[in-house]
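Asker: Dropping a structure here in structure tokens format, bear with me for questions.
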Amino acid sequence: MYKIAVMGDKDSIYGFASIGLDIFPVYEPQVAIKTLRRIVDGGYAVIYITEQLATQIESELDRYRSLPTPAIIPIPGVVGNTGLGMRNVSKSVEQAVGSDILSDA
Amino acid sequence: MAKLNVNPTRMELTNLNKKLKTARRGHKLLKDKRDELMRQFIELVRENKELRRQVEQGIAQANAHMSVARSVMSDESIDIALMIPMQEMSLEITEKNVMSVMIPVYESKFRTADENDIYSYGFAFTSCDLDDAVKSLSDIMPLMLRLAEVEKSCQLMASEIEKTRRRVNALEHVMIPQYEETIKYIKMKLDENERGTITRLMKVKDMMLAEAHNYDQK
């Protein structure tokens, strides 16, 4: 049985607690990395992370890209959409094809 | 140098021919695998982008409701309202095999029987905007799960496609030409040896004839 975690600044993620996800409010990148490692070991299969925080620990997140679990999914926080999520998708395409052939631009 | 460093013997030639055959077959199979993976990958990526757009929109909406709720309620009362969640969501993961890439399939489970049991507070002292925020998050949740599934699949498939593509290229542009060239080299060498032997035999025969019939004394 796996659980779902949400990481990010408190304002962005508070609502998720009510629908049954575990929330981990973090602000500092260093703390975020530590928390993330703890979460990964703690039996979480899906981790949603605010884009704002994700940009700060991108290299750490890349480590989990090719592993089957966990799935780390960037979501927009209260400050708005930074486009990181879409960039991640493009990154997958680039990795697979060699160039981003599906970009809208 | 494209040629392998081998002895030009018949045994090597047979071995190389076998290797070339295997390499060609492997190349064809891997190419098929790559093409099929690519097809599925492109489909997934399209879905991924669409889902991401919807989810980002949904979350933005939820955040908007939340901001309004925050402005009409005090921080403490919101904290209290959301402090102890009613619902708990957990996941069952099964794996689906797509061209030997294991992609996850999530199935959500809820602690309480009614999965709409999402309001962890009484309605008397909270703003209806908080209800809206929670409701819109709960509405977007199935999409978010599907997004996680699809996005992870995309990432896993991307690395598999990358590997397969490299293998195909290595076979196509390195291994197969190398084998072909080496086989050609051995064939030439063997042919040359054979011609050498024939000329030598002819020469020896001439010499023997000359000796037997005393040509040189005429």
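Ordering of the structure tokens sets the chain letters (A, B, ...), residue numbers begin anew at 1 in every chain, and ligands are numbered from 1 in the order given.
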Please, which residues of chain A lie no more than 9 Å from chain B when the count uses only C-alpha atoms, and can they be set out as an MDAnalysis selection string?
Answerer: chainID A and resid 1:4 11:12 14:22 44:48 65:73 75:78 80:81 85:86 89:98 102
Asker: Which of region 30-83 of chain A counts as helix (DSSP H, G or I) under DSSP, as a PyMOL selection string please?
Answerer: chain A and resi 30-41+51-56+58-62
Asker: Just the selected residues (N, CA and C atoms), exported as a PDB file, in the first residue's frame, please.
Answerer:
```pdb
ATOM      1  N   GLN A  30      17.579  22.941   0.980  1.00  0.00           N
ATOM      2  CA  GLN A  30      18.340  21.917   1.705  1.00  0.00           C
ATOM      3  C   GLN A  30      17.414  21.004   2.503  1.00  0.00           C
ATOM      4  N   VAL A  31      16.482  21.664   3.198  1.00  0.00           N
ATOM      5  CA  VAL A  31      15.511  20.902   3.986  1.00  0.00           C
ATOM      6  C   VAL A  31      14.655  20.044   3.052  1.00  0.00           C
ATOM      7  N   ALA A  32      14.327  20.627   1.883  1.00  0.00           N
ATOM      8  CA  ALA A  32      13.472  19.919   0.936  1.00  0.00           C
ATOM      9  C   ALA A  32      14.130  18.620   0.485  1.00  0.00           C
ATOM     10  N   ILE A  33      15.424  18.693   0.211  1.00  0.00           N
ATOM     11  CA  ILE A  33      16.132  17.496  -0.251  1.00  0.00           C
ATOM     12  C   ILE A  33      16.092  16.416   0.830  1.00  0.00           C
ATOM     13  N   LYS A  34      16.349  16.843   2.066  1.00  0.00           N
ATOM     14  CA  LYS A  34      16.319  15.876   3.173  1.00  0.00           C
ATOM     15  C   LYS A  34      14.921  15.272   3.319  1.00  0.00           C
ATOM     16  N   THR A  35      13.920  16.163   3.290  1.00  0.00           N
ATOM     17  CA  THR A  35      12.543  15.690   3.438  1.00  0.00           C
ATOM     18  C   THR A  35      12.200  14.727   2.309  1.00  0.00           C
ATOM     19  N   LEU A  36      12.602  15.108   1.100  1.00  0.00           N
ATOM     20  CA  LEU A  36      12.291  14.280  -0.064  1.00  0.00           C
ATOM     21  C   LEU A  36      12.858  12.874   0.114  1.00  0.00           C
ATOM     22  N   ARG A  37      14.121  12.806   0.569  1.00  0.00           N
ATOM     23  CA  ARG A  37      14.739  11.489   0.746  1.00  0.00           C
ATOM     24  C   ARG A  37      13.978  10.676   1.786  1.00  0.00           C
ATOM     25  N   ARG A  38      13.541  11.376   2.833  1.00  0.00           N
ATOM     26  CA  ARG A  38      12.796  10.672   3.873  1.00  0.00           C
ATOM     27  C   ARG A  38      11.466  10.165   3.310  1.00  0.00           C
ATOM     28  N   ILE A  39      10.817  11.016   2.504  1.00  0.00           N
ATOM     29  CA  ILE A  39       9.524  10.633   1.937  1.00  0.00           C
ATOM     30  C   ILE A  39       9.679   9.420   1.027  1.00  0.00           C
ATOM     31  N   VAL A  40      10.736   9.463   0.191  1.00  0.00           N
ATOM     32  CA  VAL A  40      10.947   8.369  -0.754  1.00  0.00           C
ATOM     33  C   VAL A  40      11.126   7.049  -0.015  1.00  0.00           C
ATOM     34  N   ASP A  41      11.860   7.109   1.108  1.00  0.00           N
ATOM     35  CA  ASP A  41      12.054   5.884   1.886  1.00  0.00           C
ATOM     36  C   ASP A  41      10.795   5.479   2.636  1.00  0.00           C
ATOM     37  N   GLU A  51       6.091  23.728  -8.246  1.00  0.00           N
ATOM     38  CA  GLU A  51       7.101  24.053  -9.255  1.00  0.00           C
ATOM     39  C   GLU A  51       8.186  24.950  -8.692  1.00  0.00           C
ATOM     40  N   GLN A  52       7.727  25.852  -7.825  1.00  0.00           N
ATOM     41  CA  GLN A  52       8.642  26.809  -7.225  1.00  0.00           C
ATOM     42  C   GLN A  52       9.766  26.089  -6.472  1.00  0.00           C
ATOM     43  N   LEU A  53       9.380  25.088  -5.706  1.00  0.00           N
ATOM     44  CA  LEU A  53      10.366  24.323  -4.942  1.00  0.00           C
ATOM     45  C   LEU A  53      11.152  23.394  -5.876  1.00  0.00           C
ATOM     46  N   ALA A  54      10.432  22.854  -6.864  1.00  0.00           N
ATOM     47  CA  ALA A  54      11.066  21.880  -7.756  1.00  0.00           C
ATOM     48  C   ALA A  54      12.222  22.499  -8.523  1.00  0.00           C
ATOM     49  N   THR A  55      12.062  23.765  -8.930  1.00  0.00           N
ATOM     50  CA  THR A  55      13.156  24.399  -9.674  1.00  0.00           C
ATOM     51  C   THR A  55      14.418  24.491  -8.835  1.00  0.00           C
ATOM     52  N   GLN A  56      14.239  24.606  -7.514  1.00  0.00           N
ATOM     53  CA  GLN A  56      15.416  24.769  -6.661  1.00  0.00           C
ATOM     54  C   GLN A  56      16.156  23.459  -6.417  1.00  0.00           C
ATOM     55  N   GLU A  58      16.156  20.738  -8.681  1.00  0.00           N
ATOM     56  CA  GLU A  58      15.937  19.986  -9.914  1.00  0.00           C
ATOM     57  C   GLU A  58      16.906  18.817 -10.063  1.00  0.00           C
ATOM     58  N   SER A  59      18.171  19.050  -9.674  1.00  0.00           N
ATOM     59  CA  SER A  59      19.158  17.978  -9.868  1.00  0.00           C
ATOM     60  C   SER A  59      18.821  16.777  -8.990  1.00  0.00           C
ATOM     61  N   GLU A  60      18.269  17.061  -7.811  1.00  0.00           N
ATOM     62  CA  GLU A  60      17.873  15.972  -6.920  1.00  0.00           C
ATOM     63  C   GLU A  60      16.697  15.191  -7.540  1.00  0.00           C
ATOM     64  N   LEU A  61      15.768  15.944  -8.137  1.00  0.00           N
ATOM     65  CA  LEU A  61      14.594  15.288  -8.718  1.00  0.00           C
ATOM     66  C   LEU A  61      14.982  14.427  -9.918  1.00  0.00           C
ATOM     67  N   ASP A  62      16.000  14.859 -10.643  1.00  0.00           N
ATOM     68  CA  ASP A  62      16.413  14.108 -11.829  1.00  0.00           C
ATOM     69  C   ASP A  62      16.875  12.698 -11.484  1.00  0.00           C
TER      70      ASP A  62
END
```
Asker: Give me, please, the distance in Å between CA of Ser71 (chain B) and CA of Ile49 (chain A), quoted to one decimal.
Answerer: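 Answer for the CA of Ser71 (chain B) to CA of Ile49 (chain A) separation: 24.5 Å.
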Asker: One decimal, in Å: what's the spacing between CA of Cys128 (chain B) and CA of Thr82 (chain A)?
Answerer: 28.8 Å
Asker: Any chance you could list, as a PyMOL selection string, the residues in region 43-87 of chain A that come up strand (DSSP E) when DSSP is run on the backbone?
Answerer: chain A and resi 44-50+71-75
Asker: Could you tell me how far CA of Glu28 (chain A) lies from CA of Lys10 (chain A), in Å and to one decimal?
Answerer: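 A separation of 12.2 Å between them.
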Asker: Could you list, as a tab-separated table (two decimals) with C-alpha atoms, in the first residue's frame, every residue within 12 Å of region 190-193 of chain B, counting only C-alpha atoms and ignoring same-chain residues fewer than 3 positions away?
Answerer:
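Resulting contents of selection.tsv:
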```tsv
chain	number	residue	atom	x	y	z
B	7	ASN	CA	43.19	-13.96	-38.58
B	8	PRO	CA	42.01	-14.37	-42.16
B	9	THR	CA	40.96	-18.00	-41.86
B	10	ARG	CA	37.92	-19.90	-42.99
B	11	MET	CA	36.88	-20.55	-39.42
B	12	GLU	CA	36.88	-16.84	-38.63
B	13	LEU	CA	34.90	-16.24	-41.79
B	183	ILE	CA	34.28	-10.52	-43.97
B	184	LYS	CA	35.24	-8.79	-47.20
B	185	TYR	CA	38.85	-8.59	-46.04
B	186	ILE	CA	39.00	-12.28	-45.16
B	187	LYS	CA	37.41	-13.26	-48.48
B	196	GLY	CA	48.95	-17.57	-55.16
B	197	THR	CA	48.71	-21.35	-54.74
B	198	ILE	CA	47.42	-21.85	-58.27
B	199	THR	CA	50.18	-19.79	-59.85
B	200	ARG	CA	52.75	-21.59	-57.77
```
